[in-house]
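Have a look at the structure below, then the notes.
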Amino acid sequence: MAHVPLTHGPLAHDPLTLAPPTHASLPGDSLSLVALSGSLRARSSNGAVLNSALTLWNGPATTADIGALPHFNPDLDGEDATPPAAVAALRTAVATADALLIVSPEYAHGVPGVLKNALDWLVSSGEVVHKPVAVITASPFPTGGDHANAQLRETLRMMTGEVITAACREIPAIGPKIDAATERVSDEATLTDLAAALAHLATAATGTPAAR
Ligand SMILES: Cc1cc2nc3c(=O)[nH]c(=O)nc-3n(C[C@H](O)[C@H](O)[C@H](O)COP(=O)(O)O)c2cc1C
């Protein structure tokens, strides 16, 4: 499990981001975010969206490499079992974060297997319970990955995650909205909307579960 610590200052000081500092009023400066990408592709457009989201988040933000996880097997997950190291690292990353962001493509009108596998490892252990979660899907097509987005929200709700609908996005026609050189979102309207989505997630993460 490779955790990449990505702690960011104000957007105005990030040379890789082309939007104005629209996130300046994001609540919860000290809130932490962990983000998972459903794409393992090196030059993934969803990875670019995730990178931009981490930059926009006004606090510590990390991502976890879910490609390192073994296939979920309940035999490895029982009370007497010691979870594989990559699983333990994922669980710790999610447990210690104030909010969870999932950014994913859609494959065959569904959730990429690698991402569903990661979520399966988090079902019984409970790290997602009452965790504020945002689901963002990006696609080259006009649908924005709507099937995968709906399926992810359903699965996360079943896991008792707190899916923040106002923080979820389906981003259509993602191709030209990405700057290939920086591997970040370069479309200003998309960046502004991404910042708005993250503000909703941060607001939700500000209170205790009972207070939300
Ligand atoms: C096997 C496969 C199935 C796909 N199925 C869909 C689909 O059902 N809906 C969709 O919007 N895009 C689909 N796509 C296109 C992906 O959205 C596109 O390849 C996208 O760039 C993948 O995300 P990434 O750039 O983050 O890797 C599919 C791509 C592949 C390789």
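To be explicit about the labels: the chains of the structure tokens are called A, B, and onward in the order shown, and within each one the residues are counted from 1, while ligands get numbers from 1 in the order they are shown.
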Report as a Markdown table the residues of stretch 129-212 of chain A within 7 Å of stretch 40-55 of chain A, each with its shortest atom pair and distance in Å (one decimal), using only C-alpha atoms, ordered by chain and increasing residue number.
```
| residue | atom | partner | partner_atom | distance |
| --- | --- | --- | --- | --- |
| A:Ala138 | CA | A:Asn46 | CA | 6.0 |
| A:Ile178 | CA | A:Ser45 | CA | 6.9 |
| A:Glu183 | CA | A:Ala48 | CA | 5.0 |
| A:Arg184 | CA | A:Ala48 | CA | 4.6 |
| A:Val185 | CA | A:Val49 | CA | 5.9 |
| A:Leu194 | CA | A:Ala53 | CA | 6.8 |
```
Checklist entry - Which polymer residues have any atom within 10 Å of an atom of A:Leu122, counting only C-alpha atoms, with same-chain residues fewer than 5 positions away left out, as a list in words? => result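 Near neighbours after the sequence-gap exclusion: Phe72, Val87, Ala88, Leu90, Arg91, Val94, Ala95, Lys116, Asn117, Glu127, Val128, Val129, Leu156 and Met159 of chain A.
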Output as a tab-separated table one row per residue of chain A within 10 Å of ligand 1: the closest atom pair and its distance in Å to one decimal place, counting only C-alpha atoms and all ligand atoms, sorted by chain and residue number ascending.
```
residue	atom	partner	partner_atom_place_in_ligand_line	distance
A:Ser37	CA	ligand 1	26 (O)	8.0
A:Gly38	CA	ligand 1	26 (O)	7.3
A:Ser39	CA	ligand 1	27 (O)	4.8
A:Leu40	CA	ligand 1	27 (O)	6.7
A:Arg41	CA	ligand 1	27 (O)	5.0
A:Ala42	CA	ligand 1	27 (O)	7.8
A:Arg43	CA	ligand 1	25 (O)	6.7
A:Ser44	CA	ligand 1	25 (O)	3.7
A:Ser45	CA	ligand 1	25 (O)	3.8
A:Asn46	CA	ligand 1	26 (O)	3.7
A:Gly47	CA	ligand 1	26 (O)	5.7
A:Ala48	CA	ligand 1	26 (O)	7.7
A:Val49	CA	ligand 1	26 (O)	8.4
A:Leu50	CA	ligand 1	26 (O)	9.5
A:Val103	CA	ligand 1	26 (O)	8.4
A:Ser104	CA	ligand 1	26 (O)	6.4
A:Pro105	CA	ligand 1	23 (O)	4.5
A:Glu106	CA	ligand 1	9 (N)	4.7
A:Tyr107	CA	ligand 1	5 (N)	3.5
A:Ala108	CA	ligand 1	8 (O)	3.5
A:His109	CA	ligand 1	8 (O)	3.7
A:Gly110	CA	ligand 1	8 (O)	6.4
A:Val111	CA	ligand 1	8 (O)	8.9
A:Pro112	CA	ligand 1	3 (C)	8.7
A:Thr137	CA	ligand 1	26 (O)	8.7
A:Ala138	CA	ligand 1	17 (O)	6.9
A:Ser139	CA	ligand 1	17 (O)	4.2
A:Pro140	CA	ligand 1	17 (O)	5.6
A:Phe141	CA	ligand 1	11 (O)	5.2
A:Pro142	CA	ligand 1	11 (O)	7.6
A:Thr143	CA	ligand 1	11 (O)	6.2
A:Gly144	CA	ligand 1	11 (O)	5.9
A:Gly145	CA	ligand 1	11 (O)	4.5
A:Asp146	CA	ligand 1	11 (O)	7.6
A:His147	CA	ligand 1	9 (N)	7.7
A:Ala148	CA	ligand 1	9 (N)	8.0
A:Glu170	CA	ligand 1	11 (O)	9.9
A:Ile171	CA	ligand 1	11 (O)	9.8
A:Pro172	CA	ligand 1	11 (O)	8.2
A:Ala173	CA	ligand 1	11 (O)	9.1
A:Ile174	CA	ligand 1	21 (O)	8.0
A:Gly175	CA	ligand 1	21 (O)	7.7
```
Just C-alpha atoms for this one: save the residues we selected as a PDB file, in the first residue's frame.
```pdb
ATOM      1  CA  SER A  37      -9.326   6.095  -7.521  1.00  0.00           C
ATOM      2  CA  GLY A  38     -11.162   3.395  -9.419  1.00  0.00           C
ATOM      3  CA  SER A  39      -8.704   3.648 -12.309  1.00  0.00           C
ATOM      4  CA  LEU A  40      -5.248   2.085 -12.227  1.00  0.00           C
ATOM      5  CA  ARG A  41      -4.332   3.664 -15.575  1.00  0.00           C
ATOM      6  CA  ALA A  42      -1.132   5.721 -15.515  1.00  0.00           C
ATOM      7  CA  ARG A  43      -2.642   8.718 -17.294  1.00  0.00           C
ATOM      8  CA  SER A  44      -6.139   8.283 -15.934  1.00  0.00           C
ATOM      9  CA  SER A  45      -8.597  11.126 -16.363  1.00  0.00           C
ATOM     10  CA  ASN A  46     -10.177  10.150 -13.046  1.00  0.00           C
ATOM     11  CA  GLY A  47      -6.717  10.236 -11.525  1.00  0.00           C
ATOM     12  CA  ALA A  48      -6.412  13.800 -12.825  1.00  0.00           C
ATOM     13  CA  VAL A  49      -9.740  14.682 -11.211  1.00  0.00           C
ATOM     14  CA  LEU A  50      -8.535  13.099  -7.969  1.00  0.00           C
ATOM     15  CA  VAL A 103     -13.234   9.105  -7.967  1.00  0.00           C
ATOM     16  CA  SER A 104     -13.894   6.476 -10.578  1.00  0.00           C
ATOM     17  CA  PRO A 105     -14.540   5.634 -14.192  1.00  0.00           C
ATOM     18  CA  GLU A 106     -17.415   3.398 -15.239  1.00  0.00           C
ATOM     19  CA  TYR A 107     -16.696   0.063 -16.860  1.00  0.00           C
ATOM     20  CA  ALA A 108     -19.514  -1.725 -18.723  1.00  0.00           C
ATOM     21  CA  HIS A 109     -22.121   0.322 -16.868  1.00  0.00           C
ATOM     22  CA  GLY A 110     -20.592  -0.792 -13.591  1.00  0.00           C
ATOM     23  CA  VAL A 111     -18.004  -0.139 -10.897  1.00  0.00           C
ATOM     24  CA  PRO A 112     -14.403  -1.095 -11.762  1.00  0.00           C
ATOM     25  CA  THR A 137     -17.309   9.692 -11.693  1.00  0.00           C
ATOM     26  CA  ALA A 138     -15.773  11.053 -14.875  1.00  0.00           C
ATOM     27  CA  SER A 139     -16.264   9.726 -18.387  1.00  0.00           C
ATOM     28  CA  PRO A 140     -15.502  10.757 -21.963  1.00  0.00           C
ATOM     29  CA  PHE A 141     -19.206  10.205 -22.653  1.00  0.00           C
ATOM     30  CA  PRO A 142     -22.145  12.550 -21.899  1.00  0.00           C
ATOM     31  CA  THR A 143     -23.451  10.261 -19.146  1.00  0.00           C
ATOM     32  CA  GLY A 144     -20.513  11.029 -16.827  1.00  0.00           C
ATOM     33  CA  GLY A 145     -20.438   7.457 -15.525  1.00  0.00           C
ATOM     34  CA  ASP A 146     -23.908   7.725 -14.018  1.00  0.00           C
ATOM     35  CA  HIS A 147     -24.426   3.967 -13.634  1.00  0.00           C
ATOM     36  CA  ALA A 148     -21.197   3.483 -11.678  1.00  0.00           C
ATOM     37  CA  GLU A 170     -20.920  12.924 -12.659  1.00  0.00           C
ATOM     38  CA  ILE A 171     -18.479  14.698 -14.946  1.00  0.00           C
ATOM     39  CA  PRO A 172     -19.249  14.210 -18.668  1.00  0.00           C
ATOM     40  CA  ALA A 173     -16.908  14.700 -21.642  1.00  0.00           C
ATOM     41  CA  ILE A 174     -13.881  14.662 -19.371  1.00  0.00           C
ATOM     42  CA  GLY A 175     -11.208  14.483 -22.124  1.00  0.00           C
TER      43      GLY A 175
END
```
Next on the checklist: According to DSSP computed on the backbone, where in stretch 4-194 of chain A is there strand (DSSP E)? Give the residues as number ranges by chain.
Outcome noted: A: 4-7, 33-37, 60-64, 99-104, 132-138, 162-163, 169-171, 178-179, 184-185
Any chance you could export the current selection's C-alpha atoms as a PDB file, in the first residue's frame?
```pdb
ATOM      1  CA  VAL A   4       1.185   9.455  -0.918  1.00  0.00           C
ATOM      2  CA  PRO A   5       0.921  12.348   1.526  1.00  0.00           C
ATOM      3  CA  LEU A   6      -0.333  15.358  -0.361  1.00  0.00           C
ATOM      4  CA  THR A   7      -0.817  18.321   1.899  1.00  0.00           C
ATOM      5  CA  LEU A  33      -9.337  13.526   3.343  1.00  0.00           C
ATOM      6  CA  VAL A  34      -8.499  10.130   1.919  1.00  0.00           C
ATOM      7  CA  ALA A  35      -9.220   9.534  -1.748  1.00  0.00           C
ATOM      8  CA  LEU A  36      -9.509   6.316  -3.734  1.00  0.00           C
ATOM      9  CA  SER A  37      -9.326   6.095  -7.521  1.00  0.00           C
ATOM     10  CA  PRO A  60      -4.258  17.071   4.771  1.00  0.00           C
ATOM     11  CA  ALA A  61      -5.199  14.862   1.842  1.00  0.00           C
ATOM     12  CA  THR A  62      -3.887  11.439   0.941  1.00  0.00           C
ATOM     13  CA  THR A  63      -4.600   8.722  -1.570  1.00  0.00           C
ATOM     14  CA  ALA A  64      -4.309   4.971  -1.202  1.00  0.00           C
ATOM     15  CA  ALA A  99     -13.894  12.279   4.917  1.00  0.00           C
ATOM     16  CA  LEU A 100     -13.656   9.834   2.027  1.00  0.00           C
ATOM     17  CA  LEU A 101     -13.583  10.765  -1.646  1.00  0.00           C
ATOM     18  CA  ILE A 102     -14.052   8.186  -4.377  1.00  0.00           C
ATOM     19  CA  VAL A 103     -13.234   9.105  -7.967  1.00  0.00           C
ATOM     20  CA  SER A 104     -13.894   6.476 -10.578  1.00  0.00           C
ATOM     21  CA  PRO A 132     -18.899  11.409   5.041  1.00  0.00           C
ATOM     22  CA  VAL A 133     -18.317  10.215   1.469  1.00  0.00           C
ATOM     23  CA  ALA A 134     -18.387  11.882  -1.937  1.00  0.00           C
ATOM     24  CA  VAL A 135     -18.554   9.905  -5.170  1.00  0.00           C
ATOM     25  CA  ILE A 136     -17.273  11.485  -8.371  1.00  0.00           C
ATOM     26  CA  THR A 137     -17.309   9.692 -11.693  1.00  0.00           C
ATOM     27  CA  ALA A 138     -15.773  11.053 -14.875  1.00  0.00           C
ATOM     28  CA  GLU A 162     -22.813   8.971   4.976  1.00  0.00           C
ATOM     29  CA  VAL A 163     -23.074   9.676   1.255  1.00  0.00           C
ATOM     30  CA  ARG A 169     -20.638  14.616  -9.260  1.00  0.00           C
ATOM     31  CA  GLU A 170     -20.920  12.924 -12.659  1.00  0.00           C
ATOM     32  CA  ILE A 171     -18.479  14.698 -14.946  1.00  0.00           C
ATOM     33  CA  ILE A 178      -7.859  17.670 -18.457  1.00  0.00           C
ATOM     34  CA  ASP A 179      -4.474  19.253 -19.051  1.00  0.00           C
ATOM     35  CA  ARG A 184      -4.962  18.082 -13.525  1.00  0.00           C
ATOM     36  CA  VAL A 185      -8.371  19.424 -14.421  1.00  0.00           C
TER      37      VAL A 185
END
```
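Of the listed residues (A:Asp98, A:Asp75, A:Glu188, A:Glu154), A:Asp98 comes nearest to A:Gly207; the distances count only C-alpha atoms.
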Checklist entry - What's the 10 Å shell around stretch 84-86 of chain A, counting only C-alpha atoms, without same-chain residues fewer than 5 positions away, as an NGL selection string? => result :A and (1-2 or 64-70 or 76-77 or 91-92)
Item to check | Pairwise distance for atom CA of A:Pro83 and atom CA of A:Met158, rounded to one decimal in Å | outcome: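 Separation of atom CA of A:Pro83 and atom CA of A:Met158: 22.2 Å.
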Next on the checklist: Residues of stretch 12-194 of chain A classed as helix (DSSP H, G or I) by DSSP on the backbone are to be reported as a ChimeraX atom specification.
Outcome noted: /A:12-13,45-56,66-68,74-76,85-95,113-123,146-158,165-167,175-177,188-194
Take the residues from that selection and write them out as a PDB file, in the first residue's frame, keeping C-alpha atoms.
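Saved to part_14.pdb:
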```pdb
ATOM      1  CA  ALA A  12      -3.319  30.512  -5.406  1.00  0.00           C
ATOM      2  CA  HIS A  13       0.121  29.063  -4.607  1.00  0.00           C
ATOM      3  CA  SER A  45      -8.597  11.126 -16.363  1.00  0.00           C
ATOM      4  CA  ASN A  46     -10.177  10.150 -13.046  1.00  0.00           C
ATOM      5  CA  GLY A  47      -6.717  10.236 -11.525  1.00  0.00           C
ATOM      6  CA  ALA A  48      -6.412  13.800 -12.825  1.00  0.00           C
ATOM      7  CA  VAL A  49      -9.740  14.682 -11.211  1.00  0.00           C
ATOM      8  CA  LEU A  50      -8.535  13.099  -7.969  1.00  0.00           C
ATOM      9  CA  ASN A  51      -5.243  15.038  -8.132  1.00  0.00           C
ATOM     10  CA  SER A  52      -7.158  18.270  -8.591  1.00  0.00           C
ATOM     11  CA  ALA A  53      -9.509  17.432  -5.736  1.00  0.00           C
ATOM     12  CA  LEU A  54      -6.571  16.814  -3.414  1.00  0.00           C
ATOM     13  CA  THR A  55      -5.190  20.186  -4.393  1.00  0.00           C
ATOM     14  CA  LEU A  56      -8.511  21.889  -3.697  1.00  0.00           C
ATOM     15  CA  ILE A  66      -6.026   0.098  -4.015  1.00  0.00           C
ATOM     16  CA  GLY A  67      -4.329  -1.782  -6.860  1.00  0.00           C
ATOM     17  CA  ALA A  68      -2.076  -3.376  -4.235  1.00  0.00           C
ATOM     18  CA  PRO A  74     -13.772 -13.707   3.701  1.00  0.00           C
ATOM     19  CA  ASP A  75     -11.414 -16.475   4.810  1.00  0.00           C
ATOM     20  CA  LEU A  76      -8.708 -13.815   5.177  1.00  0.00           C
ATOM     21  CA  ALA A  85      -0.745  -5.657   5.178  1.00  0.00           C
ATOM     22  CA  ALA A  86      -2.230  -3.745   2.250  1.00  0.00           C
ATOM     23  CA  VAL A  87      -5.710  -4.246   3.696  1.00  0.00           C
ATOM     24  CA  ALA A  88      -4.635  -3.079   7.133  1.00  0.00           C
ATOM     25  CA  ALA A  89      -3.070   0.026   5.599  1.00  0.00           C
ATOM     26  CA  LEU A  90      -6.240   0.839   3.656  1.00  0.00           C
ATOM     27  CA  ARG A  91      -8.371   0.403   6.766  1.00  0.00           C
ATOM     28  CA  THR A  92      -6.105   2.678   8.786  1.00  0.00           C
ATOM     29  CA  ALA A  93      -6.111   5.329   6.049  1.00  0.00           C
ATOM     30  CA  VAL A  94      -9.915   5.363   5.884  1.00  0.00           C
ATOM     31  CA  ALA A  95     -10.403   5.105   9.649  1.00  0.00           C
ATOM     32  CA  GLY A 113     -13.580  -4.406 -10.085  1.00  0.00           C
ATOM     33  CA  VAL A 114     -10.549  -3.000  -8.301  1.00  0.00           C
ATOM     34  CA  LEU A 115     -12.703  -0.416  -6.547  1.00  0.00           C
ATOM     35  CA  LYS A 116     -15.488  -2.806  -5.592  1.00  0.00           C
ATOM     36  CA  ASN A 117     -12.778  -5.100  -4.240  1.00  0.00           C
ATOM     37  CA  ALA A 118     -11.442  -2.298  -2.045  1.00  0.00           C
ATOM     38  CA  LEU A 119     -14.918  -1.505  -0.730  1.00  0.00           C
ATOM     39  CA  ASP A 120     -15.550  -5.186  -0.003  1.00  0.00           C
ATOM     40  CA  TRP A 121     -12.493  -5.173   2.271  1.00  0.00           C
ATOM     41  CA  LEU A 122     -14.069  -2.283   4.205  1.00  0.00           C
ATOM     42  CA  VAL A 123     -17.545  -3.779   4.714  1.00  0.00           C
ATOM     43  CA  ASP A 146     -23.908   7.725 -14.018  1.00  0.00           C
ATOM     44  CA  HIS A 147     -24.426   3.967 -13.634  1.00  0.00           C
ATOM     45  CA  ALA A 148     -21.197   3.483 -11.678  1.00  0.00           C
ATOM     46  CA  ASN A 149     -21.912   6.579  -9.614  1.00  0.00           C
ATOM     47  CA  ALA A 150     -25.352   5.290  -8.582  1.00  0.00           C
ATOM     48  CA  GLN A 151     -23.971   1.820  -7.829  1.00  0.00           C
ATOM     49  CA  LEU A 152     -21.163   3.218  -5.688  1.00  0.00           C
ATOM     50  CA  ARG A 153     -23.564   5.370  -3.692  1.00  0.00           C
ATOM     51  CA  GLU A 154     -25.839   2.358  -3.153  1.00  0.00           C
ATOM     52  CA  THR A 155     -22.943   0.206  -1.935  1.00  0.00           C
ATOM     53  CA  LEU A 156     -21.613   2.944   0.354  1.00  0.00           C
ATOM     54  CA  ARG A 157     -25.051   3.537   1.853  1.00  0.00           C
ATOM     55  CA  MET A 158     -25.381  -0.187   2.484  1.00  0.00           C
ATOM     56  CA  THR A 165     -25.347  13.841  -2.272  1.00  0.00           C
ATOM     57  CA  ALA A 166     -24.469  17.513  -2.705  1.00  0.00           C
ATOM     58  CA  ALA A 167     -20.809  16.514  -2.911  1.00  0.00           C
ATOM     59  CA  GLY A 175     -11.208  14.483 -22.124  1.00  0.00           C
ATOM     60  CA  PRO A 176     -10.769  18.163 -23.011  1.00  0.00           C
ATOM     61  CA  LYS A 177     -11.234  19.197 -19.380  1.00  0.00           C
ATOM     62  CA  GLU A 188     -12.384  26.325 -14.920  1.00  0.00           C
ATOM     63  CA  ALA A 189     -16.091  25.541 -14.646  1.00  0.00           C
ATOM     64  CA  THR A 190     -15.269  21.977 -13.644  1.00  0.00           C
ATOM     65  CA  LEU A 191     -12.715  23.160 -11.086  1.00  0.00           C
ATOM     66  CA  THR A 192     -15.198  25.582  -9.598  1.00  0.00           C
ATOM     67  CA  ASP A 193     -17.813  22.847  -9.359  1.00  0.00           C
ATOM     68  CA  LEU A 194     -15.263  20.456  -7.877  1.00  0.00           C
TER      69      LEU A 194
END
```
Next on the checklist: Please report the interatomic distance between atom CA of A:Ala195 and atom CA of A:Asn58 in Å with one decimal.
Outcome noted: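 Separation of atom CA of A:Ala195 and atom CA of A:Asn58: 10.0 Å.
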